[in-house]
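**Q** First, the structure itself, so that you have it in front of you.
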Amino acid sequence: MKKLLIQLDSDDQASVFDQVVAYDAGVDHVISLSGVRREDVTPLVHGAMFTRGGDKLKNTAIFIGGSDVTRGEELLAETMHTFFGPVRVSVMHDSNGCNTTAAAMVKKIAGAVEVRGEKVAVLGGSGPVGARAAVLLAGEGAEVLLFSRQMERAEATCLRIAQVFDEVARPCAAPAGRELAAALSGVQVVVAAGKAGVQLLAREDWSRLAALAVMADVNAVPPAGIEGVEMMDDGKERDGKTCFGPIAIGNLKMRIHRRCIRELFSRNDLVLGVKEIYRLAGDVGAD
Amino acid sequence: MKKLLIQLDSDDQASVFDQVVAYDAGVDHVISLSGVRREDVTPLVHGAMFTRGGDKLKNTAIFIGGSDVTRGEELLAETMHTFFGPVRVSVMHDSNGCNTTAAAMVKKIAGAVEVRGEKVAVLGGSGPVGARAAVLLAGEGAEVLLFSRQMERAEATCLRIAQVFDEVARPCAAPAGRELAAALSGVQVVVAAGKAGVQLLAREDWSRLAALAVMADVNAVPPAGIEGVEMMDDGKERDGKTCFGPIAIGNLKMRIHRRCIRELFSRNDLVLGVKEIYRLAGDVGAD
Amino acid sequence: MKKLLIQLDSDDQASVFDQVVAYDAGVDHVISLSGVRREDVTPLVHGAMFTRGGDKLKNTAIFIGGSDVTRGEELLAETMHTFFGPVRVSVMHDSNGCNTTAAAMVKKIAGAVEVRGEKVAVLGGSGPVGARAAVLLAGEGAEVLLFSRQMERAEATCLRIAQVFDEVARPCAAPAGRELAAALSGVQVVVAAGKAGVQLLAREDWSRLAALAVMADVNAVPPAGIEGVEMMDDGKERDGKTCFGPIAIGNLKMRIHRRCIRELFSRNDLVLGVKEIYRLAGDVGAD
């Protein structure tokens, strides 16, 4: 029986990226829907629920994507609401790649250093990747400082992290320039997850942070989010800090993404959000 | 050569259900078009007509669907109008599953009782499934009473059945409650094809109908269209009446649907409407 | 690894024709996007660029189509602008079939007569197929007269041909009836590429043109663009002229189209516009 992945994408043009990855992960056909709104979800999900019975249900799965993470979360909630009892299919949510990217970044960090009980800082923490990185780092036992330029956004994000993901992050206003270095004093890890092409931390600032051991940056559009971290850095030492750049993180993200798609078809009741995706990242091979 | 099914769907989001069924029926690729309007049809159908010559044309087929049966009929008419001579592909029309559902329901009934010359009542007869069930029951030789709450709708539907399908059904206004039981006196079969979640006939009414032998209900959303008929009923006796519920009918509908999709690719000039679909329902296996 | 063709189509409903041809050319999956606007291109093309690394990139390609050639050219320009360095995939542009049709027509002509140094006339030369036929005929060394009813359109087209394709065509206003025959005096080849169902040249006019050796007409909707040229003509002699009609040209167009799609997957940096498509038309088999 063919493995069918139903792509519910909130953008006007469904992601080509997600479709290519799905095929590379062994999906037989992607059934792609663009511009999906909350009110479209029920009949589409019924089409997944009511076409294949019993044990065959695991050959159908749903992928929720699109560039808008909030809309993706609404589609996920509506999808879960449509299921009943055992009549359901597995679902993965990865709008804008936020979950797989955060999982890849934190995996790289956790492979380089033991974060339990240590202070870690997430710059650009109110964005989709930043917030999810904070969730995963907190889940690893780190003391997470979530930075945003606006304190209100940092606070709102930390509240949401507590309510939705049951993890603790401390909101911090990101001061400009030199003062940021002071705010980062004592952190072991710095993560940059801000907007593409915006530098968040200068080299002269991070190079003086004595406790700092690991830096990770997902910004692939120059200039780098952390000055001096290069695209291809994959554990490269720079001024005594272990660095991870966007391509190294992106490569792992791709493998995690494929791993998760394959997992979807192992049973009919999986819900792959950020934590489940991170868990699966643990057994990603080099495929 | 790959079997390609072109899905012309009148809804903004093309049916996932119809795509999954197509793949399960052995289609190699569904070429799915959403939000198809009458004026879109010609170039799309040309794409089916002019790409594969002669005997290879049978590897392309068209499926017309969507939740709006009237719009589907318009797309079908426009499709037929676009063909010329032998330059055509096979077509199936099943907006909202109306034809396959009606075929399944009538197949269940005809398997349980001989309707020729008998009175049968279709409740919710002006809806898409009801009207088509009436066509098929009339085709089996039954005397069909088509009930609708509004007499004008019943009359319009019966007129259309005569003009389009060349069958006879008698329009009846469906009275409320107890009076309906009187109107159903002498019928051998009652079919419920009304709106989801609306009860059309109470148990205390049908249980007293002496001539009544078979009841079929396609409403899958509680309460049942015919009180007392259960979802899973598949020939179950209740107060001496043989009952068919929506899941038993739906399971047969799925097999008929797949059977018809396979048939589309046997030649290039089939037009599968309700009668042809019913005919094919006769040799559905247990796949 | 599966061969994926990303269809960027400027129409509200992506071409079925182009999808069927793609499958018949061996593509594993078409990822179809309808109603693509210039501003949609970058993220879609990124999805092609960033999902498969290095040598595997050649398994993804882009097809730009739709009925509006100008919009297709914009999508092509935007696609090329999105690539950088070796991070690119092969692209084919064939909005409305203009490039493959022009290539097929000129291939037929060049197979029947040596045009180098000869005068050839393109009627309906400001349309998409006509302009491209002019480009290819000029490339074969012919002296091209490009006719349009409005001299300004002929001039604008010839200017564009010079700027974009680096070829020379002479703009000519197409006079009505008998005067057109005079304007065609001395031409060896006449090509009709006007609107469907519009006759551009009467038999009594062309039959008296002594130098005229070959005529080709792509209009498949009666009346023919060149009176007397039949649909199926494939080198048929009529009044001493060798004739090619729309079906013969169309059959070759299909083979060229499939040939080009296959070529796309041979490497990751092809850009198939009209000249490259014509070059590939040289080794089309009879598949």
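Numbering starts fresh at 1 for the residues of each chain in the structure tokens, the chains themselves are lettered A, B, ... in the order given, and ligands are numbered from 1 as they appear.
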Do you know which residues are at most 8 Å from Ser126 (chain A) counting only C-alpha atoms, after dropping those on the same chain fewer than 5 positions away, and could you put them as a PyMOL selection string?
**A** chain A and resi 131+146-148+153-154+157
**Q** Take the residues from that selection and put them in a file with all heavy atoms, as a short mmCIF file (atom, residue, chain, number, x, y, z; two decimals), in the first residue's frame.
**A**
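See again-v3.cif below for the written result:
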```
data_model
loop_
_atom_site.label_atom_id
_atom_site.label_comp_id
_atom_site.auth_asym_id
_atom_site.auth_seq_id
_atom_site.Cartn_x
_atom_site.Cartn_y
_atom_site.Cartn_z
N ALA A 131 12.50 30.14 20.06
CA ALA A 131 11.61 29.67 21.13
C ALA A 131 11.71 28.16 21.29
O ALA A 131 11.72 27.63 22.41
CB ALA A 131 10.17 30.08 20.83
N LEU A 146 16.23 33.75 27.68
CA LEU A 146 15.65 34.00 26.35
C LEU A 146 15.66 35.50 26.07
O LEU A 146 14.96 36.27 26.72
CB LEU A 146 14.24 33.43 26.31
CG LEU A 146 13.55 33.44 24.94
CD1 LEU A 146 12.61 32.25 24.82
CD2 LEU A 146 12.80 34.74 24.70
N PHE A 147 16.49 35.89 25.08
CA PHE A 147 16.66 37.31 24.77
C PHE A 147 15.80 37.75 23.59
O PHE A 147 15.72 37.04 22.57
CB PHE A 147 18.12 37.60 24.42
CG PHE A 147 19.04 37.64 25.61
CD1 PHE A 147 19.59 36.46 26.12
CD2 PHE A 147 19.33 38.85 26.23
CE1 PHE A 147 20.43 36.49 27.22
CE2 PHE A 147 20.18 38.89 27.32
CZ PHE A 147 20.74 37.70 27.84
N SER A 148 15.20 38.92 23.74
CA SER A 148 14.51 39.57 22.63
C SER A 148 14.75 41.06 22.79
O SER A 148 14.97 41.54 23.91
CB SER A 148 13.01 39.24 22.68
OG SER A 148 12.34 39.90 21.62
N ARG A 153 8.03 40.88 24.35
CA ARG A 153 8.02 39.70 23.49
C ARG A 153 8.73 38.54 24.18
O ARG A 153 8.31 37.38 24.08
CB ARG A 153 8.71 40.00 22.15
CG ARG A 153 7.95 41.05 21.32
CD ARG A 153 8.37 40.98 19.87
NE ARG A 153 8.04 39.69 19.29
CZ ARG A 153 8.52 39.23 18.15
NH1 ARG A 153 9.37 39.97 17.45
NH2 ARG A 153 8.18 38.04 17.69
N ALA A 154 9.82 38.86 24.87
CA ALA A 154 10.53 37.81 25.61
C ALA A 154 9.61 37.19 26.66
O ALA A 154 9.53 35.97 26.82
CB ALA A 154 11.79 38.38 26.25
N THR A 157 6.85 35.07 25.11
CA THR A 157 7.38 33.79 24.62
C THR A 157 7.64 32.82 25.78
O THR A 157 7.30 31.63 25.71
CB THR A 157 8.67 34.02 23.82
OG1 THR A 157 8.41 34.94 22.78
CG2 THR A 157 9.20 32.72 23.24
#
```
**Q** Give as an NGL selection string every residue of chain B that touches chain A within 10 Å, counting only C-alpha atoms.
**A** :B and (12-21 or 23-24 or 26 or 28-32 or 34 or 67 or 250-251 or 254)
**Q** Fewer than 5 positions away in the same chain doesn't count, so skip those; otherwise give me all residues within 10 Å of Asp239 (chain C), counting only C-alpha atoms, as a ChimeraX atom specification.
**A** /C:203,206-208,213,228
**Q** With all heavy atoms retained, write the just-selected residues as a PDB file, in the first residue's frame.
**A**
```pdb
ATOM      1  N   ARG C 203      -5.288  30.530 -50.780  1.00  0.00           N
ATOM      2  CA  ARG C 203      -4.639  29.633 -51.733  1.00  0.00           C
ATOM      3  C   ARG C 203      -4.315  30.321 -53.059  1.00  0.00           C
ATOM      4  O   ARG C 203      -3.257  30.128 -53.639  1.00  0.00           O
ATOM      5  CB  ARG C 203      -5.540  28.423 -51.999  1.00  0.00           C
ATOM      6  CG  ARG C 203      -4.892  27.394 -52.890  1.00  0.00           C
ATOM      7  CD  ARG C 203      -5.677  26.087 -52.896  1.00  0.00           C
ATOM      8  NE  ARG C 203      -4.864  25.035 -53.478  1.00  0.00           N
ATOM      9  CZ  ARG C 203      -4.872  23.770 -53.075  1.00  0.00           C
ATOM     10  NH1 ARG C 203      -5.634  23.402 -52.066  1.00  0.00           N
ATOM     11  NH2 ARG C 203      -4.094  22.881 -53.652  1.00  0.00           N
ATOM     12  N   TRP C 206      -0.978  32.253 -52.491  1.00  0.00           N
ATOM     13  CA  TRP C 206       0.299  31.525 -52.390  1.00  0.00           C
ATOM     14  C   TRP C 206       0.595  30.664 -53.612  1.00  0.00           C
ATOM     15  O   TRP C 206       1.756  30.424 -53.958  1.00  0.00           O
ATOM     16  CB  TRP C 206       0.424  30.718 -51.091  1.00  0.00           C
ATOM     17  CG  TRP C 206      -0.550  29.587 -50.826  1.00  0.00           C
ATOM     18  CD1 TRP C 206      -1.588  29.586 -49.955  1.00  0.00           C
ATOM     19  CD2 TRP C 206      -0.536  28.269 -51.410  1.00  0.00           C
ATOM     20  NE1 TRP C 206      -2.235  28.378 -49.943  1.00  0.00           N
ATOM     21  CE2 TRP C 206      -1.602  27.541 -50.825  1.00  0.00           C
ATOM     22  CE3 TRP C 206       0.272  27.623 -52.359  1.00  0.00           C
ATOM     23  CZ2 TRP C 206      -1.892  26.216 -51.156  1.00  0.00           C
ATOM     24  CZ3 TRP C 206      -0.015  26.298 -52.694  1.00  0.00           C
ATOM     25  CH2 TRP C 206      -1.089  25.617 -52.102  1.00  0.00           C
ATOM     26  N   SER C 207      -0.486  30.235 -54.293  1.00  0.00           N
ATOM     27  CA  SER C 207      -0.247  29.303 -55.406  1.00  0.00           C
ATOM     28  C   SER C 207       0.489  29.990 -56.558  1.00  0.00           C
ATOM     29  O   SER C 207       1.096  29.329 -57.392  1.00  0.00           O
ATOM     30  CB  SER C 207      -1.564  28.706 -55.885  1.00  0.00           C
ATOM     31  OG  SER C 207      -2.423  29.737 -56.318  1.00  0.00           O
ATOM     32  N   ARG C 208       0.459  31.315 -56.590  1.00  0.00           N
ATOM     33  CA  ARG C 208       1.133  32.039 -57.670  1.00  0.00           C
ATOM     34  C   ARG C 208       2.554  32.478 -57.312  1.00  0.00           C
ATOM     35  O   ARG C 208       3.235  33.091 -58.137  1.00  0.00           O
ATOM     36  CB  ARG C 208       0.331  33.286 -58.040  1.00  0.00           C
ATOM     37  CG  ARG C 208      -1.028  32.945 -58.622  1.00  0.00           C
ATOM     38  CD  ARG C 208      -1.806  34.205 -58.901  1.00  0.00           C
ATOM     39  NE  ARG C 208      -3.212  33.894 -59.136  1.00  0.00           N
ATOM     40  CZ  ARG C 208      -4.203  34.757 -58.939  1.00  0.00           C
ATOM     41  NH1 ARG C 208      -3.933  35.975 -58.524  1.00  0.00           N
ATOM     42  NH2 ARG C 208      -5.438  34.390 -59.175  1.00  0.00           N
ATOM     43  N   ALA C 213       8.617  27.496 -51.803  1.00  0.00           N
ATOM     44  CA  ALA C 213       8.862  26.057 -51.842  1.00  0.00           C
ATOM     45  C   ALA C 213       8.214  25.322 -50.672  1.00  0.00           C
ATOM     46  O   ALA C 213       7.787  24.181 -50.803  1.00  0.00           O
ATOM     47  CB  ALA C 213      10.369  25.789 -51.848  1.00  0.00           C
ATOM     48  N   GLY C 228      -5.668  25.596 -47.546  1.00  0.00           N
ATOM     49  CA  GLY C 228      -5.243  24.454 -48.342  1.00  0.00           C
ATOM     50  C   GLY C 228      -4.254  23.546 -47.642  1.00  0.00           C
ATOM     51  O   GLY C 228      -4.108  22.375 -48.004  1.00  0.00           O
TER      52      GLY C 228
END
```
**Q** I'd like the neighbourhood of Pro223 (chain A) as a ChimeraX atom specification, where a residue qualifies if any of its atoms comes within 12 Å (using only C-alpha atoms), though same-chain residues fewer than 3 positions away should be ignored.
**A** /A:194-202,217-220,226-231,246
**Q** Produce a file of the selected residues containing all heavy atoms, as a CSV table (one decimal), in the first residue's frame.
**A**
```csv
chain,number,residue,atom,x,y,z
A,194,GLY,N,18.1,34.8,15.3
A,194,GLY,CA,17.3,36.0,14.9
A,194,GLY,C,17.0,36.0,13.4
A,194,GLY,O,17.0,35.0,12.8
A,195,LYS,N,16.6,37.2,13.0
A,195,LYS,CA,16.2,37.3,11.6
A,195,LYS,C,17.4,37.1,10.7
A,195,LYS,O,18.6,37.4,11.0
A,195,LYS,CB,15.7,38.7,11.3
A,195,LYS,CG,14.3,38.9,11.9
A,195,LYS,CD,13.6,40.2,11.5
A,195,LYS,CE,12.2,40.2,12.1
A,195,LYS,NZ,11.7,41.6,12.2
A,196,ALA,N,17.2,36.7,9.4
A,196,ALA,CA,18.2,36.4,8.4
A,196,ALA,C,18.9,37.8,8.2
A,196,ALA,O,18.3,38.8,8.0
A,196,ALA,CB,17.6,35.9,7.2
A,197,GLY,N,20.3,37.7,8.1
A,197,GLY,CA,21.0,38.9,7.7
A,197,GLY,C,21.2,39.9,8.8
A,197,GLY,O,21.5,41.1,8.5
A,198,VAL,N,20.9,39.6,10.0
A,198,VAL,CA,21.1,40.6,11.1
A,198,VAL,C,22.1,40.1,12.1
A,198,VAL,O,22.0,39.0,12.7
A,198,VAL,CB,19.7,40.8,11.9
A,198,VAL,CG1,19.9,41.7,13.1
A,198,VAL,CG2,18.7,41.4,10.9
A,199,GLN,N,23.2,40.8,12.4
A,199,GLN,CA,24.2,40.4,13.3
A,199,GLN,C,23.7,40.7,14.7
A,199,GLN,O,23.2,41.8,15.0
A,199,GLN,CB,25.5,41.2,13.1
A,199,GLN,CG,26.6,40.8,14.1
A,199,GLN,CD,27.9,41.5,13.9
A,199,GLN,OE1,28.5,41.5,12.8
A,199,GLN,NE2,28.3,42.2,14.9
A,200,LEU,N,23.7,39.7,15.6
A,200,LEU,CA,23.2,39.9,17.0
A,200,LEU,C,24.4,40.0,18.0
A,200,LEU,O,24.2,40.6,19.1
A,200,LEU,CB,22.4,38.7,17.4
A,200,LEU,CG,21.1,38.5,16.5
A,200,LEU,CD1,20.5,37.1,16.9
A,200,LEU,CD2,20.2,39.6,16.7
A,201,LEU,N,25.6,39.5,17.7
A,201,LEU,CA,26.6,39.5,18.6
A,201,LEU,C,28.0,39.7,17.9
A,201,LEU,O,28.3,39.0,17.0
A,201,LEU,CB,26.6,38.2,19.4
A,201,LEU,CG,27.6,38.0,20.6
A,201,LEU,CD1,27.3,39.0,21.7
A,201,LEU,CD2,27.5,36.6,21.1
A,202,ALA,N,28.8,40.7,18.4
A,202,ALA,CA,30.0,41.0,17.7
A,202,ALA,C,31.2,40.1,18.3
A,202,ALA,O,31.1,39.7,19.4
A,202,ALA,CB,30.4,42.5,17.9
A,217,ASP,N,24.7,29.2,15.3
A,217,ASP,CA,24.1,30.3,14.5
A,217,ASP,C,23.3,29.7,13.4
A,217,ASP,O,23.9,29.0,12.5
A,217,ASP,CB,25.2,31.3,14.0
A,217,ASP,CG,24.6,32.5,13.3
A,217,ASP,OD1,23.4,32.6,13.2
A,217,ASP,OD2,25.4,33.4,13.0
A,218,VAL,N,22.0,30.0,13.2
A,218,VAL,CA,21.3,29.4,12.1
A,218,VAL,C,21.0,30.4,11.0
A,218,VAL,O,20.3,30.1,10.0
A,218,VAL,CB,19.9,28.8,12.6
A,218,VAL,CG1,20.1,27.7,13.5
A,218,VAL,CG2,19.1,29.9,13.3
A,219,ASN,N,21.5,31.6,11.1
A,219,ASN,CA,21.3,32.6,10.1
A,219,ASN,C,22.2,32.3,8.9
A,219,ASN,O,23.5,32.4,9.0
A,219,ASN,CB,21.6,34.0,10.7
A,219,ASN,CG,21.7,35.0,9.6
A,219,ASN,OD1,21.2,34.9,8.5
A,219,ASN,ND2,22.4,36.1,9.9
A,220,ALA,N,21.6,32.0,7.7
A,220,ALA,CA,22.4,31.6,6.5
A,220,ALA,C,22.6,32.8,5.6
A,220,ALA,O,23.2,32.6,4.5
A,220,ALA,CB,21.7,30.5,5.8
A,226,ILE,N,26.2,35.6,14.6
A,226,ILE,CA,27.3,35.8,15.6
A,226,ILE,C,28.5,36.0,14.7
A,226,ILE,O,29.0,35.1,13.9
A,226,ILE,CB,27.5,34.5,16.4
A,226,ILE,CG1,26.2,34.2,17.2
A,226,ILE,CG2,28.7,34.6,17.3
A,226,ILE,CD1,26.3,32.9,18.0
A,227,GLU,N,29.1,37.2,14.8
A,227,GLU,CA,30.2,37.6,14.0
A,227,GLU,C,31.4,36.6,14.1
A,227,GLU,O,31.8,36.2,15.2
A,227,GLU,CB,30.7,39.0,14.3
A,227,GLU,CG,31.8,39.5,13.4
A,227,GLU,CD,32.3,40.9,13.8
A,227,GLU,OE1,32.0,41.3,14.9
A,227,GLU,OE2,33.1,41.5,13.1
A,228,GLY,N,31.9,36.1,13.0
A,228,GLY,CA,33.0,35.2,13.1
A,228,GLY,C,32.6,33.7,12.9
A,228,GLY,O,33.5,32.9,12.6
A,229,VAL,N,31.4,33.4,13.2
A,229,VAL,CA,31.0,32.0,13.0
A,229,VAL,C,30.7,31.8,11.5
A,229,VAL,O,30.0,32.6,10.9
A,229,VAL,CB,29.7,31.7,13.8
A,229,VAL,CG1,29.2,30.3,13.4
A,229,VAL,CG2,29.9,31.8,15.3
A,230,GLU,N,31.4,30.8,10.9
A,230,GLU,CA,31.2,30.6,9.5
A,230,GLU,C,30.1,29.6,9.1
A,230,GLU,O,29.8,28.7,9.9
A,230,GLU,CB,32.6,30.1,8.9
A,230,GLU,CG,33.8,31.1,9.1
A,230,GLU,CD,33.8,32.2,8.1
A,230,GLU,OE1,33.2,32.0,7.0
A,230,GLU,OE2,34.3,33.3,8.4
A,231,MET,N,29.6,29.8,7.9
A,231,MET,CA,28.6,28.9,7.4
A,231,MET,C,28.8,27.4,7.7
A,231,MET,O,28.0,26.7,8.1
A,231,MET,CB,28.5,29.0,5.9
A,231,MET,CG,27.9,30.4,5.4
A,231,MET,SD,26.1,30.4,5.4
A,231,MET,CE,25.8,31.9,4.6
A,246,PRO,N,25.3,27.7,10.1
A,246,PRO,CA,24.0,27.3,9.5
A,246,PRO,C,24.0,26.1,8.6
A,246,PRO,O,23.0,25.4,8.5
A,246,PRO,CB,23.6,28.6,8.8
A,246,PRO,CG,24.8,29.4,8.6
A,246,PRO,CD,25.7,29.1,9.7
```
**Q** Give the strand (DSSP E or B) residues of region 39-282 of chain B, as assigned by DSSP on the backbone, as JSON, numbers by chain.
**A** {"B": [60, 61, 62, 63, 64, 65, 84, 87, 90, 91, 92, 93, 119, 120, 121, 122, 123, 143, 144, 145, 146, 147, 148, 169, 170, 171, 172, 173, 189, 190, 191, 192, 201, 214, 215, 216, 217, 226, 234, 235, 236, 237, 238, 241, 242, 243, 244, 271, 272]}
**Q** Could you tell me how far CA of Gly225 (chain C) lies from CA of Val187 (chain C), in Å and to one decimal?
**A**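 Interatomic distance here is 17.3 Å.
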